[in-house]
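Here's the structure we're looking at; comments come further down.
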Amino acid sequence: MIVILTGAPGAGKGTQATLLSERCGYATLSTGQALRKQVKLGSDIGKIAGELMDQGKLVPDDVLFKIVEAELGEPTEKVFLLDGYPRNLSQSETLDTLNDRHPVKVAIELFVPRDELVKRLSGRRVCSDCGANYHVDMAPTKNEGVCDKCNAEVIQRKDDNPESVATRLDIFEENTKPILGYYDGKGLLNRVDGTGSTEEIFERLKGVIESL
Ligand code: AMP
């Protein structure tokens, strides 16, 4: 069964999806991370996605659906967390075509005010290999520039520059917010406060998922 983790860029979806996967054993797909892997590999998908991602724009829906359908695999009773998909109404509708095999049980909106999002994104750093998230002030690495988990280089994402951040936040408002109404209409929306400590937010999300 699918649990959608949605929210603006910088809301903490990636950090929380990783924790939920590590501690609760949920399968997870971060579409952003899957695309970054393709860009690094220089694959056909990576070639389509790279420039759009750097600019903070959405990658075409058909590319995303191919990735998501392949990763979901066989139907299972277990929780499958989708981090960053769907990101517009058309993606929500396409995901529903898999409903008999992979039903959406809840869409969780991790809510964080815009000024806090900008602060988080401008200081964000990520591991170039495993994708672990850090923040220069709020969650620094133990050794500067080196991932605590895998020792690879920690970098600033290309799309965390001010222009791309503004584009991504606008796209969230225009394209992604409508999916909240879509899931609300189906009685599947759950809004979770995305502010506070990582542990507090984790407990809130775990509570929602365990209540399913
Ligand atoms: P994220 O890591 O979730 O912030 O995603 C980084 C970038 O990957 C986004 O700004 C988009 O360019 C692309 N991306 C990720 N997920 C999607 C999606 N569901 N639809 C279209 N583009 C996506």
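Every chain in the structure tokens takes a letter, A first, then B, and so on in the order presented; its residues are numbered from 1, and the ligands are numbered from 1 following the presented order.
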Enumerate as a list in words the residues within 7 Å of ligand 1, counting only C-alpha atoms and all ligand atoms. Pro9, Ser30, Thr31, Gly32, Gln33, Leu35, Leu52, Met53, Gly56, Lys57, Leu58, Val59, Pro60, Asp61, Leu64, Asp83, Gly84, Tyr85, Pro86, Arg87 and Arg168 of chain A
Residue contacts of Glu109 in chain A (8 Å, only C-alpha atoms) excluding same-chain residues fewer than 3 positions away, as an mmCIF file with C-alpha atoms, in the first residue's frame:
data_model
loop_
_atom_site.group_PDB
_atom_site.id
_atom_site.type_symbol
_atom_site.label_atom_id
_atom_site.label_comp_id
_atom_site.auth_asym_id
_atom_site.auth_seq_id
_atom_site.Cartn_x
_atom_site.Cartn_y
_atom_site.Cartn_z
ATOM 1 C CA LEU A 5 4.737 12.003 1.486
ATOM 2 C CA THR A 6 4.144 15.417 0.009
ATOM 3 C CA GLY A 7 5.014 18.996 0.899
ATOM 4 C CA LEU A 180 -3.884 18.164 -1.691
ATOM 5 C CA LEU A 189 -5.309 13.745 3.230
ATOM 6 C CA ASN A 190 -3.485 14.093 6.541
ATOM 7 C CA ARG A 191 -1.640 17.298 7.367
ATOM 8 C CA VAL A 192 1.381 17.005 9.647
#
Could you give me, as a ChimeraX atom specification, each residue of range 30-196 of chain A that DSSP assigns to helix (DSSP H, G or I) when run on this structure's backbone? /A:31-41,44-54,61-72,89-96,114-122,158-160,162-185
How many Å separate CA of Asp129 in chain A from CA of Ile201 in chain A?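 Computed distance, CA of Asp129 in chain A to CA of Ile201 in chain A, equals 25.2 Å.
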For Ser128 in chain A, the nearest of the candidates A:Gly145, A:Gly185, A:Gly42, A:Pro162, counting only C-alpha atoms: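 Selected residue with least distance to Ser128 in chain A: A:Gly145.
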Which residues come within 12 Å of range 95-100 of chain A, counting only C-alpha atoms, excluding same-chain residues fewer than 5 positions away, as an mmCIF file with all heavy atoms, in the first residue's frame?
data_model
loop_
_atom_site.group_PDB
_atom_site.id
_atom_site.type_symbol
_atom_site.label_atom_id
_atom_site.label_comp_id
_atom_site.auth_asym_id
_atom_site.auth_seq_id
_atom_site.Cartn_x
_atom_site.Cartn_y
_atom_site.Cartn_z
ATOM 1 N N MET A 1 0.839 -1.208 0.000
ATOM 2 C CA MET A 1 0.000 0.000 0.000
ATOM 3 C C MET A 1 0.870 1.252 0.000
ATOM 4 O O MET A 1 1.960 1.255 0.566
ATOM 5 C CB MET A 1 -0.905 0.012 1.226
ATOM 6 C CG MET A 1 -0.156 0.056 2.539
ATOM 7 S SD MET A 1 -1.351 0.157 3.882
ATOM 8 C CE MET A 1 -0.293 0.039 5.289
ATOM 9 N N ILE A 2 0.347 2.276 -0.658
ATOM 10 C CA ILE A 2 1.166 3.472 -0.851
ATOM 11 C C ILE A 2 0.853 4.550 0.189
ATOM 12 O O ILE A 2 -0.312 4.840 0.478
ATOM 13 C CB ILE A 2 0.936 4.038 -2.265
ATOM 14 C CG1 ILE A 2 1.543 3.071 -3.283
ATOM 15 C CG2 ILE A 2 1.545 5.430 -2.419
ATOM 16 C CD1 ILE A 2 1.400 3.494 -4.692
ATOM 17 N N VAL A 3 1.920 5.106 0.740
ATOM 18 C CA VAL A 3 1.822 6.294 1.578
ATOM 19 C C VAL A 3 2.549 7.406 0.833
ATOM 20 O O VAL A 3 3.749 7.282 0.557
ATOM 21 C CB VAL A 3 2.480 6.054 2.962
ATOM 22 C CG1 VAL A 3 2.576 7.356 3.740
ATOM 23 C CG2 VAL A 3 1.698 5.021 3.757
ATOM 24 N N ILE A 4 1.812 8.449 0.474
ATOM 25 C CA ILE A 4 2.423 9.570 -0.243
ATOM 26 C C ILE A 4 2.915 10.585 0.786
ATOM 27 O O ILE A 4 2.166 10.984 1.681
ATOM 28 C CB ILE A 4 1.388 10.238 -1.175
ATOM 29 C CG1 ILE A 4 1.007 9.276 -2.300
ATOM 30 C CG2 ILE A 4 1.923 11.550 -1.743
ATOM 31 C CD1 ILE A 4 -0.178 9.744 -3.121
ATOM 32 N N ASP A 61 5.961 13.915 -17.043
ATOM 33 C CA ASP A 61 5.188 12.930 -16.283
ATOM 34 C C ASP A 61 5.469 11.488 -16.717
ATOM 35 O O ASP A 61 5.527 10.586 -15.874
ATOM 36 C CB ASP A 61 3.679 13.188 -16.460
ATOM 37 C CG ASP A 61 3.248 14.511 -15.824
ATOM 38 O OD1 ASP A 61 4.032 15.054 -15.012
ATOM 39 O OD2 ASP A 61 2.147 14.987 -16.142
ATOM 40 N N ASP A 62 5.617 11.256 -18.045
ATOM 41 C CA ASP A 62 5.790 9.865 -18.500
ATOM 42 C C ASP A 62 7.110 9.277 -18.003
ATOM 43 O O ASP A 62 7.186 8.087 -17.690
ATOM 44 C CB ASP A 62 5.653 9.754 -20.034
ATOM 45 C CG ASP A 62 6.652 10.624 -20.764
ATOM 46 O OD1 ASP A 62 7.099 11.647 -20.193
ATOM 47 O OD2 ASP A 62 7.012 10.280 -21.905
ATOM 48 N N LEU A 64 8.551 10.030 -15.166
ATOM 49 C CA LEU A 64 8.349 9.723 -13.738
ATOM 50 C C LEU A 64 7.536 8.452 -13.554
ATOM 51 O O LEU A 64 7.851 7.632 -12.690
ATOM 52 C CB LEU A 64 7.630 10.905 -13.069
ATOM 53 C CG LEU A 64 8.513 11.957 -12.405
ATOM 54 C CD1 LEU A 64 9.336 11.350 -11.280
ATOM 55 C CD2 LEU A 64 9.442 12.641 -13.385
ATOM 56 N N PHE A 65 6.499 8.294 -14.378
ATOM 57 C CA PHE A 65 5.629 7.130 -14.183
ATOM 58 C C PHE A 65 6.396 5.833 -14.454
ATOM 59 O O PHE A 65 6.215 4.845 -13.742
ATOM 60 C CB PHE A 65 4.377 7.228 -15.066
ATOM 61 C CG PHE A 65 3.392 6.127 -14.760
ATOM 62 C CD1 PHE A 65 2.808 6.027 -13.508
ATOM 63 C CD2 PHE A 65 3.078 5.176 -15.714
ATOM 64 C CE1 PHE A 65 1.921 5.005 -13.209
ATOM 65 C CE2 PHE A 65 2.193 4.147 -15.429
ATOM 66 C CZ PHE A 65 1.611 4.063 -14.176
ATOM 67 N N LYS A 66 7.272 5.867 -15.474
ATOM 68 C CA LYS A 66 8.084 4.676 -15.771
ATOM 69 C C LYS A 66 8.913 4.282 -14.548
ATOM 70 O O LYS A 66 8.994 3.117 -14.178
ATOM 71 C CB LYS A 66 9.022 4.973 -16.950
ATOM 72 C CG LYS A 66 8.515 4.450 -18.261
ATOM 73 C CD LYS A 66 9.539 4.696 -19.361
ATOM 74 C CE LYS A 66 8.837 5.218 -20.586
ATOM 75 N NZ LYS A 66 9.631 6.067 -21.434
ATOM 76 N N ILE A 67 9.522 5.296 -13.922
ATOM 77 C CA ILE A 67 10.367 5.029 -12.747
ATOM 78 C C ILE A 67 9.517 4.467 -11.612
ATOM 79 O O ILE A 67 9.843 3.455 -10.992
ATOM 80 C CB ILE A 67 11.079 6.327 -12.279
ATOM 81 C CG1 ILE A 67 12.070 6.794 -13.345
ATOM 82 C CG2 ILE A 67 11.780 6.130 -10.941
ATOM 83 C CD1 ILE A 67 12.730 8.135 -13.042
ATOM 84 N N VAL A 68 8.394 5.117 -11.350
ATOM 85 C CA VAL A 68 7.553 4.730 -10.214
ATOM 86 C C VAL A 68 6.983 3.323 -10.417
ATOM 87 O O VAL A 68 7.053 2.474 -9.518
ATOM 88 C CB VAL A 68 6.411 5.757 -10.010
ATOM 89 C CG1 VAL A 68 5.401 5.266 -8.987
ATOM 90 C CG2 VAL A 68 6.993 7.096 -9.573
ATOM 91 N N GLU A 69 6.470 3.050 -11.599
ATOM 92 C CA GLU A 69 5.857 1.740 -11.853
ATOM 93 C C GLU A 69 6.897 0.632 -11.692
ATOM 94 O O GLU A 69 6.630 -0.400 -11.062
ATOM 95 C CB GLU A 69 5.248 1.706 -13.257
ATOM 96 C CG GLU A 69 4.292 0.559 -13.434
ATOM 97 C CD GLU A 69 3.676 0.514 -14.815
ATOM 98 O OE1 GLU A 69 4.246 1.108 -15.755
ATOM 99 O OE2 GLU A 69 2.623 -0.132 -14.946
ATOM 100 N N ALA A 70 8.098 0.872 -12.215
ATOM 101 C CA ALA A 70 9.157 -0.142 -12.114
ATOM 102 C C ALA A 70 9.540 -0.378 -10.646
ATOM 103 O O ALA A 70 9.716 -1.516 -10.216
ATOM 104 C CB ALA A 70 10.375 0.294 -12.913
ATOM 105 N N LEU A 72 7.748 0.172 -7.878
ATOM 106 C CA LEU A 72 6.688 -0.385 -7.036
ATOM 107 C C LEU A 72 6.658 -1.905 -7.112
ATOM 108 O O LEU A 72 6.398 -2.585 -6.126
ATOM 109 C CB LEU A 72 5.325 0.183 -7.437
ATOM 110 C CG LEU A 72 5.025 1.616 -6.991
ATOM 111 C CD1 LEU A 72 3.708 2.094 -7.589
ATOM 112 C CD2 LEU A 72 4.973 1.725 -5.466
ATOM 113 N N GLY A 73 6.929 -2.414 -8.290
ATOM 114 C CA GLY A 73 7.021 -3.871 -8.458
ATOM 115 C C GLY A 73 5.724 -4.592 -8.146
ATOM 116 O O GLY A 73 4.632 -4.102 -8.436
ATOM 117 N N GLU A 74 5.865 -5.751 -7.518
ATOM 118 C CA GLU A 74 4.708 -6.595 -7.230
ATOM 119 C C GLU A 74 3.871 -6.011 -6.081
ATOM 120 O O GLU A 74 4.423 -5.376 -5.179
ATOM 121 C CB GLU A 74 5.174 -7.998 -6.831
ATOM 122 C CG GLU A 74 5.827 -8.765 -7.965
ATOM 123 C CD GLU A 74 4.907 -8.884 -9.172
ATOM 124 O OE1 GLU A 74 3.738 -9.286 -8.992
ATOM 125 O OE2 GLU A 74 5.345 -8.542 -10.284
ATOM 126 N N PRO A 75 2.542 -6.264 -6.086
ATOM 127 C CA PRO A 75 1.698 -5.781 -4.988
ATOM 128 C C PRO A 75 2.146 -6.350 -3.651
ATOM 129 O O PRO A 75 2.606 -7.496 -3.586
ATOM 130 C CB PRO A 75 0.314 -6.330 -5.332
ATOM 131 C CG PRO A 75 0.358 -6.650 -6.770
ATOM 132 C CD PRO A 75 1.776 -6.967 -7.113
ATOM 133 N N THR A 76 2.062 -5.556 -2.599
ATOM 134 C CA THR A 76 2.437 -6.032 -1.263
ATOM 135 C C THR A 76 1.593 -5.289 -0.228
ATOM 136 O O THR A 76 1.155 -4.164 -0.469
ATOM 137 C CB THR A 76 3.944 -5.798 -0.988
ATOM 138 O OG1 THR A 76 4.157 -5.795 0.423
ATOM 139 C CG2 THR A 76 4.452 -4.488 -1.555
ATOM 140 N N LEU A 82 6.141 7.030 -0.951
ATOM 141 C CA LEU A 82 6.532 7.791 -2.138
ATOM 142 C C LEU A 82 6.907 9.206 -1.716
ATOM 143 O O LEU A 82 6.063 9.955 -1.221
ATOM 144 C CB LEU A 82 5.383 7.847 -3.139
ATOM 145 C CG LEU A 82 5.128 6.609 -3.984
ATOM 146 C CD1 LEU A 82 3.976 6.869 -4.949
ATOM 147 C CD2 LEU A 82 6.382 6.192 -4.750
ATOM 148 N N TYR A 85 6.480 12.187 -5.219
ATOM 149 C CA TYR A 85 5.587 11.763 -6.302
ATOM 150 C C TYR A 85 4.257 11.395 -5.680
ATOM 151 O O TYR A 85 4.265 10.696 -4.666
ATOM 152 C CB TYR A 85 6.160 10.556 -7.048
ATOM 153 C CG TYR A 85 5.356 10.175 -8.276
ATOM 154 C CD1 TYR A 85 5.647 10.699 -9.522
ATOM 155 C CD2 TYR A 85 4.263 9.306 -8.158
ATOM 156 C CE1 TYR A 85 4.898 10.356 -10.634
ATOM 157 C CE2 TYR A 85 3.507 8.964 -9.272
ATOM 158 C CZ TYR A 85 3.837 9.485 -10.504
ATOM 159 O OH TYR A 85 3.094 9.162 -11.615
ATOM 160 N N PRO A 86 3.141 11.827 -6.214
ATOM 161 C CA PRO A 86 2.947 12.693 -7.375
ATOM 162 C C PRO A 86 3.200 14.163 -7.051
ATOM 163 O O PRO A 86 3.125 14.563 -5.887
ATOM 164 C CB PRO A 86 1.468 12.469 -7.738
ATOM 165 C CG PRO A 86 0.828 11.897 -6.537
ATOM 166 C CD PRO A 86 1.884 11.302 -5.664
ATOM 167 N N ARG A 87 3.472 14.927 -8.102
ATOM 168 C CA ARG A 87 3.764 16.356 -7.915
ATOM 169 C C ARG A 87 2.811 17.239 -8.715
ATOM 170 O O ARG A 87 2.972 18.452 -8.732
ATOM 171 C CB ARG A 87 5.175 16.629 -8.395
ATOM 172 C CG ARG A 87 6.161 16.973 -7.275
ATOM 173 C CD ARG A 87 7.515 17.087 -7.911
ATOM 174 N NE ARG A 87 8.472 17.787 -7.120
ATOM 175 C CZ ARG A 87 9.388 17.198 -6.349
ATOM 176 N NH1 ARG A 87 9.397 15.901 -6.206
ATOM 177 N NH2 ARG A 87 10.270 17.928 -5.722
ATOM 178 N N ASN A 88 1.864 16.631 -9.399
ATOM 179 C CA ASN A 88 0.794 17.416 -10.047
ATOM 180 C C ASN A 88 -0.426 16.498 -10.203
ATOM 181 O O ASN A 88 -0.331 15.279 -9.968
ATOM 182 C CB ASN A 88 1.255 18.002 -11.390
ATOM 183 C CG ASN A 88 1.689 16.930 -12.373
ATOM 184 O OD1 ASN A 88 1.170 15.814 -12.354
ATOM 185 N ND2 ASN A 88 2.644 17.238 -13.231
ATOM 186 N N LEU A 89 -1.548 17.096 -10.611
ATOM 187 C CA LEU A 89 -2.800 16.328 -10.674
ATOM 188 C C LEU A 89 -2.732 15.171 -11.657
ATOM 189 O O LEU A 89 -3.256 14.091 -11.389
ATOM 190 C CB LEU A 89 -3.948 17.264 -11.074
ATOM 191 C CG LEU A 89 -4.658 17.993 -9.932
ATOM 192 C CD1 LEU A 89 -5.767 18.866 -10.510
ATOM 193 C CD2 LEU A 89 -5.235 16.999 -8.916
ATOM 194 N N SER A 90 -2.054 15.438 -12.781
ATOM 195 C CA SER A 90 -1.992 14.390 -13.780
ATOM 196 C C SER A 90 -1.224 13.172 -13.236
ATOM 197 O O SER A 90 -1.607 12.020 -13.489
ATOM 198 C CB SER A 90 -1.368 14.988 -15.044
ATOM 199 O OG SER A 90 -0.615 14.074 -15.707
ATOM 200 N N LYS A 105 -3.131 4.763 0.463
ATOM 201 C CA LYS A 105 -3.842 4.713 1.749
ATOM 202 C C LYS A 105 -3.931 6.076 2.405
ATOM 203 O O LYS A 105 -4.859 6.368 3.159
ATOM 204 C CB LYS A 105 -3.132 3.752 2.708
ATOM 205 C CG LYS A 105 -3.318 2.318 2.358
ATOM 206 C CD LYS A 105 -4.755 1.878 2.645
ATOM 207 C CE LYS A 105 -4.938 0.439 2.186
ATOM 208 N NZ LYS A 105 -6.264 -0.034 2.141
ATOM 209 N N ILE A 179 -2.958 18.806 -5.680
ATOM 210 C CA ILE A 179 -3.138 17.378 -5.344
ATOM 211 C C ILE A 179 -3.625 17.226 -3.903
ATOM 212 O O ILE A 179 -4.221 16.219 -3.551
ATOM 213 C CB ILE A 179 -1.878 16.489 -5.592
ATOM 214 C CG1 ILE A 179 -0.807 16.676 -4.513
ATOM 215 C CG2 ILE A 179 -1.311 16.689 -6.984
ATOM 216 C CD1 ILE A 179 0.284 15.603 -4.553
ATOM 217 N N TYR A 182 -7.214 17.086 -4.147
ATOM 218 C CA TYR A 182 -7.573 15.801 -4.788
ATOM 219 C C TYR A 182 -7.683 14.698 -3.736
ATOM 220 O O TYR A 182 -8.673 13.964 -3.672
ATOM 221 C CB TYR A 182 -6.496 15.480 -5.827
ATOM 222 C CG TYR A 182 -6.682 14.199 -6.600
ATOM 223 C CD1 TYR A 182 -7.504 14.151 -7.724
ATOM 224 C CD2 TYR A 182 -6.007 13.032 -6.235
ATOM 225 C CE1 TYR A 182 -7.650 12.979 -8.457
ATOM 226 C CE2 TYR A 182 -6.144 11.858 -6.956
ATOM 227 C CZ TYR A 182 -6.973 11.838 -8.067
ATOM 228 O OH TYR A 182 -7.119 10.678 -8.784
ATOM 229 N N TYR A 183 -6.658 14.597 -2.874
ATOM 230 C CA TYR A 183 -6.684 13.537 -1.852
ATOM 231 C C TYR A 183 -7.641 13.869 -0.709
ATOM 232 O O TYR A 183 -8.253 12.975 -0.130
ATOM 233 C CB TYR A 183 -5.257 13.243 -1.339
ATOM 234 C CG TYR A 183 -4.425 12.600 -2.421
ATOM 235 C CD1 TYR A 183 -3.378 13.284 -3.030
ATOM 236 C CD2 TYR A 183 -4.731 11.320 -2.876
ATOM 237 C CE1 TYR A 183 -2.649 12.711 -4.062
ATOM 238 C CE2 TYR A 183 -4.017 10.737 -3.909
ATOM 239 C CZ TYR A 183 -2.978 11.433 -4.499
ATOM 240 O OH TYR A 183 -2.282 10.858 -5.530
ATOM 241 N N LYS A 186 -10.975 12.643 -1.456
ATOM 242 C CA LYS A 186 -11.122 11.186 -1.316
ATOM 243 C C LYS A 186 -11.033 10.762 0.156
ATOM 244 O O LYS A 186 -10.994 9.568 0.459
ATOM 245 C CB LYS A 186 -9.999 10.477 -2.089
ATOM 246 C CG LYS A 186 -10.086 10.617 -3.603
ATOM 247 C CD LYS A 186 -8.821 10.034 -4.240
ATOM 248 C CE LYS A 186 -8.874 10.102 -5.741
ATOM 249 N NZ LYS A 186 -9.633 8.999 -6.364
#
Min atom-atom distance to Gly194 in chain A from the set A:His135, A:Arg101, A:Lys13, A:Lys158, counting only C-alpha atoms, belongs to A:Lys13
Let me make sure I understand: among A:Glu200, A:Ala8, A:Asn133, A:Ser43, which one has the smallest atom-to-atom distance to Asn175 in chain A if we use only C-alpha atoms? A:Ala8
Given the choices A:Arg114, A:Arg125, A:Lys78, A:Lys119, which gets closest to Gly25 in chain A if the distance is worked out from only C-alpha atoms?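 Looking at the shortest contact to Gly25 in chain A, the residue is A:Lys78.
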Could you state the separation of CA of Leu205 in chain A and CA of Ile155 in chain A in Å, given to one decimal place? 27.6 Å
DSSP strand (DSSP E) residues within range 6-212 of chain A, listed as an mmCIF file with N, CA, C and O atoms, in the first residue's frame:
data_model
loop_
_atom_site.group_PDB
_atom_site.id
_atom_site.type_symbol
_atom_site.label_atom_id
_atom_site.label_comp_id
_atom_site.auth_asym_id
_atom_site.auth_seq_id
_atom_site.Cartn_x
_atom_site.Cartn_y
_atom_site.Cartn_z
ATOM 1 N N THR A 6 4.076 14.234 0.852
ATOM 2 C CA THR A 6 4.144 15.417 0.009
ATOM 3 C C THR A 6 4.416 16.656 0.867
ATOM 4 O O THR A 6 4.455 16.583 2.093
ATOM 5 N N ALA A 27 9.516 0.378 2.549
ATOM 6 C CA ALA A 27 10.146 0.611 1.246
ATOM 7 C C ALA A 27 9.929 2.082 0.885
ATOM 8 O O ALA A 27 8.894 2.648 1.227
ATOM 9 N N THR A 28 10.896 2.677 0.230
ATOM 10 C CA THR A 28 10.808 4.105 -0.081
ATOM 11 C C THR A 28 11.312 4.378 -1.484
ATOM 12 O O THR A 28 12.307 3.791 -1.908
ATOM 13 N N LEU A 29 10.614 5.279 -2.169
ATOM 14 C CA LEU A 29 11.152 5.783 -3.429
ATOM 15 C C LEU A 29 11.138 7.308 -3.386
ATOM 16 O O LEU A 29 10.086 7.919 -3.237
ATOM 17 N N SER A 30 12.332 7.895 -3.489
ATOM 18 C CA SER A 30 12.424 9.344 -3.678
ATOM 19 C C SER A 30 12.647 9.565 -5.158
ATOM 20 O O SER A 30 13.695 9.183 -5.693
ATOM 21 N N PHE A 80 4.670 1.317 1.242
ATOM 22 C CA PHE A 80 5.635 1.833 0.273
ATOM 23 C C PHE A 80 5.501 3.352 0.286
ATOM 24 O O PHE A 80 4.474 3.904 -0.075
ATOM 25 N N LEU A 81 6.570 4.005 0.727
ATOM 26 C CA LEU A 81 6.541 5.468 0.858
ATOM 27 C C LEU A 81 6.963 6.122 -0.450
ATOM 28 O O LEU A 81 8.034 5.818 -0.976
ATOM 29 N N LEU A 82 6.141 7.030 -0.951
ATOM 30 C CA LEU A 82 6.532 7.791 -2.138
ATOM 31 C C LEU A 82 6.907 9.206 -1.716
ATOM 32 O O LEU A 82 6.063 9.955 -1.221
ATOM 33 N N ASP A 83 8.176 9.552 -1.888
ATOM 34 C CA ASP A 83 8.673 10.877 -1.512
ATOM 35 C C ASP A 83 8.874 11.701 -2.782
ATOM 36 O O ASP A 83 9.763 11.407 -3.576
ATOM 37 N N VAL A 104 -3.480 3.803 -2.810
ATOM 38 C CA VAL A 104 -2.987 4.907 -1.980
ATOM 39 C C VAL A 104 -3.801 4.921 -0.695
ATOM 40 O O VAL A 104 -5.023 5.043 -0.727
ATOM 41 N N LYS A 105 -3.131 4.763 0.463
ATOM 42 C CA LYS A 105 -3.842 4.713 1.749
ATOM 43 C C LYS A 105 -3.931 6.076 2.405
ATOM 44 O O LYS A 105 -4.859 6.368 3.159
ATOM 45 N N VAL A 106 -2.912 6.907 2.161
ATOM 46 C CA VAL A 106 -2.924 8.254 2.747
ATOM 47 C C VAL A 106 -1.938 9.133 1.983
ATOM 48 O O VAL A 106 -0.941 8.640 1.448
ATOM 49 N N ALA A 107 -2.264 10.430 1.910
ATOM 50 C CA ALA A 107 -1.309 11.423 1.403
ATOM 51 C C ALA A 107 -1.016 12.349 2.580
ATOM 52 O O ALA A 107 -1.921 13.009 3.100
ATOM 53 N N ILE A 108 0.241 12.331 3.022
ATOM 54 C CA ILE A 108 0.609 13.151 4.173
ATOM 55 C C ILE A 108 1.283 14.415 3.682
ATOM 56 O O ILE A 108 2.289 14.352 2.968
ATOM 57 N N GLU A 109 0.709 15.549 4.046
ATOM 58 C CA GLU A 109 1.345 16.831 3.712
ATOM 59 C C GLU A 109 2.191 17.273 4.903
ATOM 60 O O GLU A 109 1.668 17.519 5.993
ATOM 61 N N LEU A 110 3.487 17.371 4.669
ATOM 62 C CA LEU A 110 4.390 17.885 5.695
ATOM 63 C C LEU A 110 4.410 19.397 5.517
ATOM 64 O O LEU A 110 4.917 19.908 4.511
ATOM 65 N N PHE A 111 3.815 20.091 6.485
ATOM 66 C CA PHE A 111 3.622 21.540 6.297
ATOM 67 C C PHE A 111 4.668 22.372 7.042
ATOM 68 O O PHE A 111 4.880 22.201 8.245
ATOM 69 N N ARG A 124 21.076 23.878 2.965
ATOM 70 C CA ARG A 124 21.060 22.418 2.832
ATOM 71 C C ARG A 124 22.314 21.899 2.127
ATOM 72 O O ARG A 124 22.809 22.500 1.179
ATOM 73 N N ARG A 125 22.808 20.768 2.566
ATOM 74 C CA ARG A 125 23.899 20.064 1.900
ATOM 75 C C ARG A 125 23.492 18.600 1.789
ATOM 76 O O ARG A 125 22.787 18.091 2.671
ATOM 77 N N VAL A 126 23.931 17.929 0.711
ATOM 78 C CA VAL A 126 23.569 16.515 0.545
ATOM 79 C C VAL A 126 24.792 15.682 0.203
ATOM 80 O O VAL A 126 25.744 16.185 -0.404
ATOM 81 N N CYS A 127 24.722 14.425 0.568
ATOM 82 C CA CYS A 127 25.822 13.523 0.218
ATOM 83 C C CYS A 127 25.736 13.219 -1.276
ATOM 84 O O CYS A 127 24.673 12.874 -1.781
ATOM 85 N N ASN A 133 20.920 13.906 3.958
ATOM 86 C CA ASN A 133 20.715 15.357 4.026
ATOM 87 C C ASN A 133 21.375 15.973 5.247
ATOM 88 O O ASN A 133 21.313 15.416 6.343
ATOM 89 N N TYR A 134 21.955 17.158 5.073
ATOM 90 C CA TYR A 134 22.553 17.910 6.180
ATOM 91 C C TYR A 134 22.158 19.372 6.035
ATOM 92 O O TYR A 134 21.566 19.779 5.040
ATOM 93 N N HIS A 135 22.492 20.155 7.067
ATOM 94 C CA HIS A 135 22.277 21.613 6.986
ATOM 95 C C HIS A 135 23.465 22.281 7.671
ATOM 96 O O HIS A 135 23.886 21.832 8.755
ATOM 97 N N VAL A 154 30.199 15.775 0.566
ATOM 98 C CA VAL A 154 28.907 16.426 0.779
ATOM 99 C C VAL A 154 28.897 17.743 -0.007
ATOM 100 O O VAL A 154 29.842 18.514 0.056
ATOM 101 N N ILE A 155 27.848 17.932 -0.785
ATOM 102 C CA ILE A 155 27.808 19.070 -1.712
ATOM 103 C C ILE A 155 26.504 19.866 -1.557
ATOM 104 O O ILE A 155 25.570 19.411 -0.895
ATOM 105 N N LEU A 189 -6.350 12.758 2.898
ATOM 106 C CA LEU A 189 -5.309 13.745 3.230
ATOM 107 C C LEU A 189 -5.097 13.839 4.735
ATOM 108 O O LEU A 189 -6.047 13.857 5.515
ATOM 109 N N ASN A 190 -3.830 13.904 5.130
ATOM 110 C CA ASN A 190 -3.485 14.093 6.541
ATOM 111 C C ASN A 190 -2.376 15.145 6.595
ATOM 112 O O ASN A 190 -1.329 14.970 5.974
ATOM 113 N N ARG A 191 -2.639 16.226 7.304
ATOM 114 C CA ARG A 191 -1.640 17.298 7.367
ATOM 115 C C ARG A 191 -0.827 17.162 8.647
ATOM 116 O O ARG A 191 -1.399 17.038 9.736
ATOM 117 N N VAL A 192 0.492 17.169 8.489
ATOM 118 C CA VAL A 192 1.381 17.005 9.647
ATOM 119 C C VAL A 192 2.279 18.234 9.767
ATOM 120 O O VAL A 192 2.838 18.707 8.769
ATOM 121 N N ASP A 193 2.416 18.729 10.984
ATOM 122 C CA ASP A 193 3.286 19.880 11.254
ATOM 123 C C ASP A 193 4.743 19.473 10.987
ATOM 124 O O ASP A 193 5.261 18.566 11.636
#
Distance CA of Leu117 in chain A-CA of Ala11 in chain A, one decimal place?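 Interatomic distance, CA of Leu117 in chain A to CA of Ala11 in chain A: 6.4 Å.
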Option closest in space to Ser21 in chain A, from A:Glu144, A:Val79, A:Thr94, A:Arg204 [counting only C-alpha atoms]: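 Residue with the minimum atom-to-atom distance to Ser21 in chain A: A:Val79.
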